[in-house]
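*Asks:* Structure file target.csv (CSV, C-alpha atoms) is given on the next line.
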```csv
chain,number,residue,atom,x,y,z
A,1,MET,CA,10.7,-31.1,-9.2
A,2,ARG,CA,11.4,-29.5,-12.5
A,3,ALA,CA,15.0,-28.6,-13.3
A,4,ALA,CA,15.9,-25.0,-13.7
A,5,ARG,CA,15.5,-23.6,-17.2
A,6,PRO,CA,17.5,-20.7,-18.8
A,7,HIS,CA,14.4,-18.6,-19.3
A,8,ARG,CA,11.9,-20.2,-17.0
A,9,GLU,CA,8.6,-18.5,-16.6
A,10,THR,CA,7.5,-17.7,-13.0
A,11,SER,CA,4.3,-16.7,-11.3
A,12,ALA,CA,5.3,-13.0,-11.6
A,13,ASP,CA,5.2,-13.3,-15.4
A,14,HIS,CA,1.5,-14.0,-15.3
A,15,VAL,CA,0.1,-11.6,-12.8
A,16,ASN,CA,-2.4,-8.9,-13.4
A,17,PRO,CA,-0.7,-6.0,-11.5
A,18,GLN,CA,-3.9,-4.0,-11.5
A,19,ALA,CA,-5.6,-6.3,-9.2
A,20,LEU,CA,-8.5,-4.9,-7.1
A,21,ARG,CA,-7.1,-4.0,-3.7
A,22,ALA,CA,-8.7,-2.7,-0.6
A,23,ARG,CA,-7.9,-1.8,3.0
A,24,SER,CA,-9.6,-3.7,5.8
A,25,GLY,CA,-11.6,-0.7,6.9
A,26,GLU,CA,-13.2,0.0,3.5
A,27,THR,CA,-16.9,-0.7,3.1
A,28,ALA,CA,-18.4,-3.1,0.5
A,29,ALA,CA,-20.4,-0.3,-1.1
A,30,ALA,CA,-17.3,1.8,-1.7
A,31,ILE,CA,-15.4,-1.1,-3.3
A,32,ARG,CA,-18.4,-2.1,-5.5
A,33,ARG,CA,-18.4,1.4,-7.0
A,34,ARG,CA,-14.8,1.0,-8.2
A,35,PRO,CA,-15.5,-1.3,-11.2
A,36,ARG,CA,-18.2,1.2,-12.4
A,37,ARG,CA,-15.5,3.9,-12.4
A,38,GLY,CA,-13.4,2.1,-14.9
A,39,VAL,CA,-11.2,-0.2,-12.8
A,40,PRO,CA,-9.8,-3.0,-15.0
A,41,ALA,CA,-11.2,-6.4,-14.9
A,42,TRP,CA,-10.4,-8.2,-11.7
A,43,ASP,CA,-10.6,-11.8,-10.5
A,44,LEU,CA,-10.1,-11.5,-6.8
A,45,LEU,CA,-10.4,-8.7,-4.2
A,46,CYS,CA,-7.2,-8.6,-2.2
A,47,VAL,CA,-7.2,-6.9,1.2
A,48,VAL,CA,-3.9,-5.4,2.1
A,49,ASP,CA,-2.4,-3.4,5.0
A,50,ALA,CA,-0.8,0.1,4.8
A,51,ASP,CA,2.5,-1.5,3.5
A,52,GLY,CA,0.7,-3.5,0.8
A,53,ARG,CA,1.1,-6.8,2.6
A,54,LEU,CA,-1.7,-9.4,1.8
A,55,LEU,CA,-4.1,-9.9,4.7
A,56,GLY,CA,-6.9,-11.8,3.0
A,57,THR,CA,-9.2,-12.1,0.0
A,58,LEU,CA,-12.8,-12.0,-1.2
A,59,THR,CA,-14.3,-13.4,-4.4
A,60,ALA,CA,-16.7,-11.4,-6.5
A,61,GLN,CA,-19.6,-13.4,-5.0
A,62,ASP,CA,-18.4,-12.7,-1.5
A,63,LEU,CA,-18.2,-9.0,-2.2
A,64,ALA,CA,-21.7,-8.9,-3.9
A,65,ALA,CA,-23.3,-10.6,-0.9
A,66,LEU,CA,-22.0,-8.1,1.7
A,67,PRO,CA,-24.2,-5.4,3.1
A,68,ASP,CA,-23.3,-1.9,1.9
A,69,ASP,CA,-21.9,-0.8,5.3
A,70,ALA,CA,-19.9,-4.0,6.0
A,71,THR,CA,-16.2,-3.7,6.0
A,72,VAL,CA,-14.2,-6.1,4.0
A,73,GLY,CA,-11.8,-6.7,6.9
A,74,THR,CA,-14.5,-8.5,8.8
A,75,ALA,CA,-15.6,-10.7,5.9
A,76,MET,CA,-12.3,-11.4,4.2
A,77,ARG,CA,-10.8,-14.9,4.1
A,78,ARG,CA,-7.6,-15.0,6.1
A,79,GLY,CA,-4.8,-17.3,5.3
A,80,THR,CA,-5.7,-17.4,1.6
A,81,PRO,CA,-3.2,-19.6,-0.3
A,82,HIS,CA,-0.7,-17.5,-2.2
A,83,VAL,CA,2.5,-18.0,-4.0
A,84,PRO,CA,5.9,-16.2,-4.2
A,85,SER,CA,6.7,-14.1,-7.2
A,86,GLY,CA,9.6,-16.4,-8.2
A,87,MET,CA,7.6,-19.7,-8.2
A,88,ASP,CA,7.9,-21.7,-11.4
A,89,GLN,CA,4.7,-21.5,-13.5
A,90,GLU,CA,4.3,-25.3,-13.3
A,91,HIS,CA,4.3,-25.2,-9.5
A,92,LEU,CA,1.9,-22.3,-9.7
A,93,ALA,CA,-0.6,-24.3,-11.7
A,94,SER,CA,-0.1,-27.3,-9.3
A,95,HIS,CA,-0.7,-25.0,-6.3
A,96,ALA,CA,-3.9,-23.7,-7.8
A,97,LEU,CA,-5.2,-27.2,-8.6
A,98,HIS,CA,-4.3,-28.5,-5.2
A,99,HIS,CA,-6.2,-25.7,-3.4
A,100,GLY,CA,-9.1,-25.5,-5.8
A,101,LEU,CA,-8.3,-21.9,-6.7
A,102,THR,CA,-9.4,-20.0,-9.8
A,103,ALA,CA,-7.2,-17.0,-9.0
A,104,VAL,CA,-4.0,-16.9,-7.1
A,105,PRO,CA,-2.5,-14.0,-5.2
A,106,VAL,CA,1.3,-13.4,-5.8
A,107,VAL,CA,3.5,-11.8,-3.2
A,108,ASP,CA,7.1,-10.7,-3.0
A,109,ALA,CA,9.7,-11.7,-0.4
A,110,ALA,CA,8.2,-9.3,2.2
A,111,GLY,CA,4.7,-10.5,1.7
A,112,ARG,CA,3.6,-7.4,-0.3
A,113,LEU,CA,1.0,-8.1,-3.0
A,114,VAL,CA,2.4,-8.1,-6.5
A,115,GLY,CA,-0.8,-9.0,-8.3
A,116,VAL,CA,-3.2,-11.8,-9.1
A,117,VAL,CA,-2.9,-14.7,-11.6
A,118,GLY,CA,-6.4,-15.0,-12.9
A,119,PRO,CA,-8.2,-18.0,-14.5
A,120,ARG,CA,-7.3,-17.2,-18.1
A,121,ALA,CA,-3.6,-17.0,-17.2
A,122,LEU,CA,-3.8,-20.3,-15.2
A,123,MET,CA,-5.5,-22.0,-18.1
A,124,GLU,CA,-2.7,-20.8,-20.5
A,125,VAL,CA,-0.1,-22.1,-18.1
A,126,LEU,CA,-1.7,-25.5,-17.9
A,127,ARG,CA,-2.0,-25.6,-21.7
A,128,ARG,CA,1.7,-24.7,-22.2
A,129,GLU,CA,2.9,-27.2,-19.6
A,130,HIS,CA,0.7,-29.9,-21.2
A,131,VAL,CA,2.2,-29.2,-24.7
A,132,GLU,CA,5.7,-29.2,-23.2
A,133,ASP,CA,5.2,-32.5,-21.4
A,134,LEU,CA,3.9,-34.1,-24.6
A,135,HIS,CA,7.1,-33.1,-26.3
A,136,ARG,CA,9.2,-34.3,-23.4
A,137,LEU,CA,7.4,-37.6,-23.3
A,138,ALA,CA,8.6,-38.1,-26.9
A,139,GLY,CA,12.2,-37.1,-26.0
A,140,ILE,CA,12.1,-34.3,-28.5
A,141,THR,CA,13.6,-31.3,-26.6
A,142,ARG,CA,14.6,-29.9,-23.3
A,143,GLU,CA,13.7,-26.2,-23.7
A,144,THR,CA,10.1,-25.0,-23.4
A,145,SER,CA,10.4,-22.5,-26.2
A,146,GLN,CA,11.9,-25.1,-28.5
A,147,ALA,CA,9.2,-27.6,-27.6
A,148,ARG,CA,6.5,-25.1,-28.7
A,149,ARG,CA,8.2,-24.6,-32.0
A,150,ALA,CA,9.3,-28.2,-32.5
A,151,LEU,CA,6.7,-29.0,-35.2
A,152,GLU,CA,7.4,-25.9,-37.2
A,153,ALA,CA,11.2,-26.0,-37.0
A,154,PRO,CA,13.4,-26.7,-40.0
A,155,PRO,CA,14.3,-30.4,-40.5
A,156,LEU,CA,17.9,-29.9,-39.3
A,157,ARG,CA,16.7,-28.3,-36.1
A,158,ARG,CA,14.2,-31.1,-35.5
A,159,LEU,CA,17.0,-33.6,-36.0
A,160,ARG,CA,19.0,-31.9,-33.3
A,161,HIS,CA,16.1,-31.9,-30.9
A,162,ARG,CA,15.1,-35.5,-31.4
A,163,LEU,CA,18.3,-37.4,-32.1
A,164,PRO,CA,20.1,-37.4,-28.7
A,165,TRP,CA,17.5,-39.6,-27.0
A,166,LEU,CA,17.2,-41.8,-30.0
A,167,VAL,CA,21.0,-42.4,-29.9
A,168,VAL,CA,20.5,-43.5,-26.4
A,169,GLY,CA,17.8,-45.9,-27.7
A,170,LEU,CA,20.2,-47.1,-30.4
A,171,LEU,CA,22.9,-48.0,-27.8
A,172,GLY,CA,20.2,-49.7,-25.7
A,173,SER,CA,19.1,-51.7,-28.7
A,174,ALA,CA,22.7,-52.9,-29.1
A,175,VAL,CA,22.5,-54.2,-25.5
A,176,ALA,CA,19.2,-55.9,-26.3
A,177,THR,CA,20.8,-57.6,-29.3
A,178,PHE,CA,23.7,-58.8,-27.1
A,179,VAL,CA,21.2,-60.3,-24.7
A,180,VAL,CA,19.5,-62.2,-27.5
A,181,THR,CA,22.8,-63.5,-28.9
A,182,ARG,CA,23.6,-65.1,-25.6
A,183,PHE,CA,20.7,-67.4,-26.2
A,184,GLU,CA,21.5,-68.1,-29.8
A,185,THR,CA,21.8,-71.9,-29.2
A,186,ALA,CA,18.5,-72.1,-27.5
A,187,LEU,CA,16.8,-70.1,-30.3
A,188,ALA,CA,18.3,-72.3,-33.0
A,189,ALA,CA,17.2,-75.5,-31.2
A,190,ARG,CA,13.7,-74.1,-30.5
A,191,PRO,CA,12.7,-71.4,-32.9
A,192,ALA,CA,9.3,-71.0,-31.2
A,193,LEU,CA,11.1,-69.2,-28.4
A,194,ALA,CA,11.5,-66.2,-30.7
A,195,PHE,CA,7.8,-65.9,-31.5
A,196,PHE,CA,7.0,-64.4,-28.1
A,197,VAL,CA,9.7,-61.7,-27.9
A,198,PRO,CA,7.7,-59.0,-29.8
A,199,GLY,CA,4.6,-59.5,-27.8
A,200,LEU,CA,6.4,-59.5,-24.4
A,201,VAL,CA,8.4,-56.3,-25.3
A,202,TYR,CA,5.3,-54.5,-26.6
A,203,LEU,CA,3.2,-55.3,-23.5
A,204,ALA,CA,5.9,-54.2,-21.2
A,205,ASP,CA,6.3,-50.9,-23.1
A,206,ALA,CA,2.6,-50.3,-23.1
A,207,ILE,CA,2.3,-50.9,-19.3
A,208,GLY,CA,5.3,-48.7,-18.7
A,209,THR,CA,4.0,-45.9,-20.9
A,210,GLN,CA,0.7,-45.9,-19.0
A,211,THR,CA,2.6,-45.4,-15.7
A,212,GLU,CA,5.0,-42.9,-17.1
A,213,ALA,CA,2.2,-40.7,-18.5
A,214,ALA,CA,0.6,-40.5,-15.1
A,215,ALA,CA,3.9,-40.2,-13.2
A,216,VAL,CA,5.3,-37.2,-15.1
A,217,ARG,CA,2.5,-35.0,-14.0
A,218,GLY,CA,1.4,-36.8,-10.9
A,219,LEU,CA,4.8,-36.6,-9.2
A,220,SER,CA,4.4,-32.8,-8.9
A,221,LEU,CA,0.9,-33.1,-7.7
A,222,SER,CA,0.9,-36.1,-5.3
A,223,ARG,CA,1.5,-35.7,-1.6
A,224,VAL,CA,2.0,-39.4,-1.1
A,225,GLY,CA,5.4,-40.8,-0.3
A,226,ILE,CA,7.4,-42.3,-3.1
A,227,GLY,CA,7.7,-45.7,-1.3
A,228,ARG,CA,3.9,-46.0,-1.1
A,229,LEU,CA,3.6,-45.0,-4.8
A,230,ILE,CA,6.2,-47.5,-6.0
A,231,GLY,CA,4.6,-50.3,-3.9
A,232,GLY,CA,1.2,-49.5,-5.4
A,233,GLU,CA,2.5,-49.5,-8.9
A,234,MET,CA,4.4,-52.7,-8.4
A,235,ARG,CA,1.2,-54.4,-7.1
A,236,THR,CA,-0.8,-53.0,-10.0
A,237,GLY,CA,1.7,-54.1,-12.6
A,238,LEU,CA,1.9,-57.6,-11.0
A,239,LEU,CA,-2.0,-57.9,-11.1
A,240,ILE,CA,-2.0,-56.8,-14.7
A,241,GLY,CA,0.7,-59.3,-15.5
A,242,LEU,CA,-1.0,-62.1,-13.7
A,243,VAL,CA,-4.3,-61.5,-15.6
A,244,LEU,CA,-2.4,-61.4,-18.9
A,245,ALA,CA,-0.4,-64.5,-17.9
A,246,LEU,CA,-3.6,-66.4,-17.1
A,247,LEU,CA,-5.0,-65.5,-20.6
A,248,THR,CA,-1.7,-66.3,-22.4
A,249,GLY,CA,-0.4,-69.4,-20.7
A,250,PRO,CA,-3.3,-71.8,-21.7
A,251,LEU,CA,-3.3,-70.4,-25.2
A,252,VAL,CA,0.4,-71.0,-25.7
A,253,TRP,CA,0.0,-74.5,-24.3
A,254,CYS,CA,-2.9,-75.3,-26.6
A,255,VAL,CA,-1.2,-74.0,-29.8
A,256,PHE,CA,2.3,-75.3,-29.1
A,257,GLY,CA,1.6,-78.3,-26.9
A,258,ASP,CA,4.4,-77.4,-24.6
A,259,ALA,CA,3.6,-76.8,-20.9
A,260,ALA,CA,7.1,-75.6,-20.0
A,261,LEU,CA,7.1,-73.0,-22.8
A,262,ALA,CA,3.7,-71.8,-21.7
A,263,ALA,CA,4.8,-71.5,-18.1
A,264,ALA,CA,8.0,-69.6,-19.2
A,265,VAL,CA,6.0,-67.1,-21.3
A,266,ALA,CA,3.3,-66.6,-18.6
A,267,LEU,CA,5.9,-66.1,-15.8
A,268,ALA,CA,7.9,-63.7,-18.0
A,269,LEU,CA,4.8,-61.7,-18.8
A,270,ALA,CA,3.9,-61.4,-15.1
A,271,GLY,CA,7.4,-60.4,-14.1
A,272,SER,CA,8.0,-57.9,-16.9
A,273,SER,CA,4.6,-56.3,-16.3
A,274,ALA,CA,5.4,-55.6,-12.6
A,275,LEU,CA,8.9,-54.4,-13.5
A,276,ALA,CA,7.7,-52.1,-16.3
A,277,SER,CA,5.0,-50.5,-14.1
A,278,THR,CA,7.5,-49.9,-11.3
A,279,LEU,CA,10.2,-48.5,-13.7
A,280,GLY,CA,7.6,-46.2,-15.2
A,281,LEU,CA,7.3,-44.4,-11.9
A,282,LEU,CA,10.8,-45.0,-10.4
A,283,LEU,CA,12.8,-43.7,-13.4
A,284,PRO,CA,11.1,-40.3,-13.6
A,285,TRP,CA,11.4,-39.9,-9.8
A,286,LEU,CA,15.1,-40.7,-9.8
A,287,LEU,CA,15.7,-38.2,-12.6
A,288,SER,CA,13.8,-35.5,-10.7
A,289,LYS,CA,16.0,-36.2,-7.7
A,290,LEU,CA,19.0,-35.6,-9.9
A,291,GLY,CA,17.7,-32.2,-11.0
A,292,THR,CA,16.3,-33.3,-14.3
A,293,ASP,CA,12.8,-32.9,-15.5
A,294,PRO,CA,10.8,-36.1,-14.7
A,295,ALA,CA,9.4,-36.2,-18.2
A,296,PHE,CA,12.8,-37.3,-19.4
A,297,GLY,CA,12.3,-40.7,-17.7
A,298,SER,CA,9.8,-41.4,-20.4
A,299,GLY,CA,9.9,-42.0,-24.1
A,300,PRO,CA,13.1,-43.6,-25.7
A,301,LEU,CA,15.1,-43.8,-22.5
A,302,ALA,CA,12.5,-45.8,-20.4
A,303,THR,CA,11.5,-47.8,-23.4
A,304,ILE,CA,14.9,-49.3,-24.1
A,305,VAL,CA,15.5,-50.0,-20.4
A,306,GLN,CA,12.2,-51.9,-20.2
A,307,ASP,CA,13.0,-53.8,-23.4
A,308,VAL,CA,16.4,-55.0,-22.2
A,309,LEU,CA,15.0,-56.1,-18.8
A,310,THR,CA,12.0,-57.8,-20.4
A,311,LEU,CA,14.4,-59.8,-22.6
A,312,VAL,CA,16.5,-60.7,-19.6
A,313,ILE,CA,13.4,-61.9,-17.6
A,314,TYR,CA,12.1,-63.9,-20.6
A,315,PHE,CA,15.3,-65.7,-21.4
A,316,GLY,CA,15.9,-66.2,-17.7
A,317,CYS,CA,12.6,-68.0,-17.4
A,318,VAL,CA,13.3,-70.0,-20.5
A,319,SER,CA,16.6,-71.1,-19.1
A,320,ILE,CA,15.1,-72.3,-15.9
A,321,LEU,CA,11.8,-73.9,-17.1
A,322,VAL,CA,12.3,-75.0,-20.7
A,323,PRO,CA,14.6,-78.1,-21.1
```
Could you write out this file's structure as C-alpha cells?
*Replies:*
Amino acid sequence: MRAARPHRETSADHVNPQALRARSGETAAAIRRRPRRGVPAWDLLCVVDADGRLLGTLTAQDLAALPDDATVGTAMRRGTPHVPSGMDQEHLASHALHHGLTAVPVVDAAGRLVGVVGPRALMEVLRREHVEDLHRLAGITRETSQARRALEAPPLRRLRHRLPWLVVGLLGSAVATFVVTRFETALAARPALAFFVPGLVYLADAIGTQTEAAAVRGLSLSRVGIGRLIGGEMRTGLLIGLVLALLTGPLVWCVFGDAALAAAVALALAGSSALASTLGLLLPWLLSKLGTDPAFGSGPLATIVQDVLTLVIYFGCVSILVP
C-alpha cells in the first residue's frame, strides 16, 4: 500500500545473517552446545534442508524443553510465517504484528534462508515508520530520510518540504472563500449565521483527523474490505454528529431564539461529521490505490477538503431551513 521509494528499506536490510541454523536430523543437545562455543546471539532456530531452504523453526524455549536425544526435525514448527527478502520494511512490521511474531525468517526467491529479523530490528522498524508517518500526517515530506532529518534541516530545506501541501491548502482556502461569498447577502441580513462557521469547521476537522490517524496505519493492517470500513466510519461519524447536534441545537435555540437557525446548525453538524469521518478513511484509501502513500490523505489536503464541504453543507442547510 505504500508507494515505491527511491531508497526503500526492505526486510533484507534488517536480517541477522548469522542466524542459528540446523538440519532436521540434528539433536537438541548438539544444537544447545553451539551458543556455548561462541555462536552469535540468535532469536530463532531455523531448520533448513541441504540446499538451505527453510523447513521450520523453533524458539529458544522450544529448544530448551527438548530432550537431549530429540531431533529438531520432529519438534520444529512447520509452515512458520516468513517473508521475502525484498519486502518493504513497513509490510515486514505489519506481517510480524499480524502473526504475533517476535522474530521473522527472511528467505530468497528460491525459499533459501537469508537470515532472521529479530525483535530489536523489528522495534527499530516500527519506530522509524511511526516517526515517518507523523511527518507525513503533517504533510512535511515524502522521503523517509528527509522525514527523519526534517526538524534539524536548515530553514530553506524545511520550507521546501512543507510548502507544497500548504500551497494546496491555500488554493483550497480560496475555494472556501468563494463558497462564503456566494452567501454574502444572507450573512449581511443575518450576521448570526457567521458565528457558527468556526465551530463547525473545527469539529469536522477534529473528527476527520481522528479517522485519518487510525486509517493511515490501519489500512495496511486491516483485513476487512474497504466497503465495510467506510460503512462503519460513516455510521460512527453520523452517531457522533447526532450527539453533538442534540447538544448544540437546543443551546442555539435558547441563546438566539431562532428554531430554524438551531435546526440548520444541528443538521449541518450531523452531516459534516458523517462526511468528515468518511473522508478521513476514503481519501487515504484512494491515494493508496493511486500508488501514493496513504498518509498523504491526511494533514493539509484532507483538512481543506473537509472545510470546503462543511461550508457547503452548512450554507445549504441555511438556504433550505432559514427564511
*Asks:* Using all atoms listed in the file, list the residues that have an atom at most 9 Å from (14.3, -51.8, -21.2), coordinates as in the file, as a list of chain:residue names.
*Replies:*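 Protein and nucleic acid residues near the point are A:Gly172, A:Ser173, A:Ala176, A:Val201, A:Ala204, A:Asp205, A:Ala276, A:Leu301, A:Ala302, A:Thr303, A:Ile304, A:Val305, A:Gln306, A:Asp307, A:Val308, A:Leu309, A:Thr310, A:Leu311.
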*Asks:* Measuring between all atoms listed in the file, which one of A:Ala264, A:Leu321, A:Ala22, A:Ile230 shows the shortest distance to Trp285 of chain A?
*Replies:*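 Between A:Ala264, A:Leu321, A:Ala22, A:Ile230, the residue approaching Trp285 of chain A most closely is A:Ile230.
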*Asks:* Env of segment 99-114 of chain A: 8 Å cut, atoms = all atoms listed in the file, seq-sep filter 6 positions within chain, self excluded. Answer as a VMD selection string.
*Replies:* chain A and resid 11 to 12 15 17 43 to 44 46 48 51 to 54 81 to 85 122
*Asks:* When you look at Asp258 of chain A with a cut-off of 12 Å (counting all atoms listed in the file), what residues show up, excluding the ones that are within fewer than 4 positions of it in the same chain? I need them as an MDAnalysis selection string.
*Replies:* chainID A and resid 190 192:193 249:254 262:265 321:323
*Asks:* Any chance you can output those residues with C-alpha atoms as a CSV table (one decimal), in the frame of the given file?
*Replies:*
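Once written, part.csv looks like this:
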```csv
chain,number,residue,atom,x,y,z
A,190,ARG,CA,13.7,-74.1,-30.5
A,192,ALA,CA,9.3,-71.0,-31.2
A,193,LEU,CA,11.1,-69.2,-28.4
A,249,GLY,CA,-0.4,-69.4,-20.7
A,250,PRO,CA,-3.3,-71.8,-21.7
A,251,LEU,CA,-3.3,-70.4,-25.2
A,252,VAL,CA,0.4,-71.0,-25.7
A,253,TRP,CA,0.0,-74.5,-24.3
A,254,CYS,CA,-2.9,-75.3,-26.6
A,262,ALA,CA,3.7,-71.8,-21.7
A,263,ALA,CA,4.8,-71.5,-18.1
A,264,ALA,CA,8.0,-69.6,-19.2
A,265,VAL,CA,6.0,-67.1,-21.3
A,321,LEU,CA,11.8,-73.9,-17.1
A,322,VAL,CA,12.3,-75.0,-20.7
A,323,PRO,CA,14.6,-78.1,-21.1
```
*Asks:* Which residues, written as number ranges by chain, have at least one atom at most 7 Å from Ile240 of chain A, with only C-alpha atoms counted and residues fewer than 4 positions away on the same chain left out?
*Replies:* A: 236, 244, 273
*Asks:* Any idea what the distance is between atom CA of Leu187 of chain A and atom CA of Ile207 of chain A?
*Replies:*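 Pair atom CA of Leu187 of chain A / atom CA of Ile207 of chain A returns 26.5 Å.
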*Asks:* Which residues, written as a ChimeraX atom specification, have at least one atom at most 10 Å from Ala64 of chain A, with only C-alpha atoms counted and residues fewer than 3 positions away on the same chain left out?
*Replies:* /A:28-29,32,58-61,67-68
*Asks:* May I ask which of the residues A:Arg182, A:His14, A:Arg77, A:Arg157 is the closest one to Ala93 of chain A, counting all atoms listed in the file?
*Replies:*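 Answer, going by the shortest atom-to-atom distance: A:His14.
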*Asks:* Of the candidates A:Val168, A:Val117, A:Ala188, A:Leu66, which one gets nearest to Gln89 of chain A if we count all atoms listed in the file?
*Replies:*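 Ranked by minimum distance to Gln89 of chain A, first place goes to A:Val117.
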*Asks:* Box in all listed atoms of segment 257-265 of chain A, axis-aligned, with 5 Å more on each side; write out centre and edge lengths in Å to one decimal as JSON.
*Replies:*
```
{"center_x": 4.8, "center_y": -72.7, "center_z": -22.5, "size_x": 16.4, "size_y": 21.2, "size_z": 18.8}
```
*Asks:* Nearest to Arg235 of chain A: which of A:Asn16, A:Gly257, A:Leu275, A:Thr248 is it, counting all atoms listed in the file?
*Replies:*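 Result for the nearest residue to Arg235 of chain A: A:Leu275.
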*Asks:* What does the distance between atom CA of Glu212 of chain A and atom CA of Leu156 of chain A come to in Å, to one decimal place?
*Replies:*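 These two atoms are separated by 28.8 Å.
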*Asks:* Record the distance separating atom CA of Gly115 of chain A and atom CA of Ala19 of chain A, expressed in Å with one decimal.
*Replies:* 5.6 Å
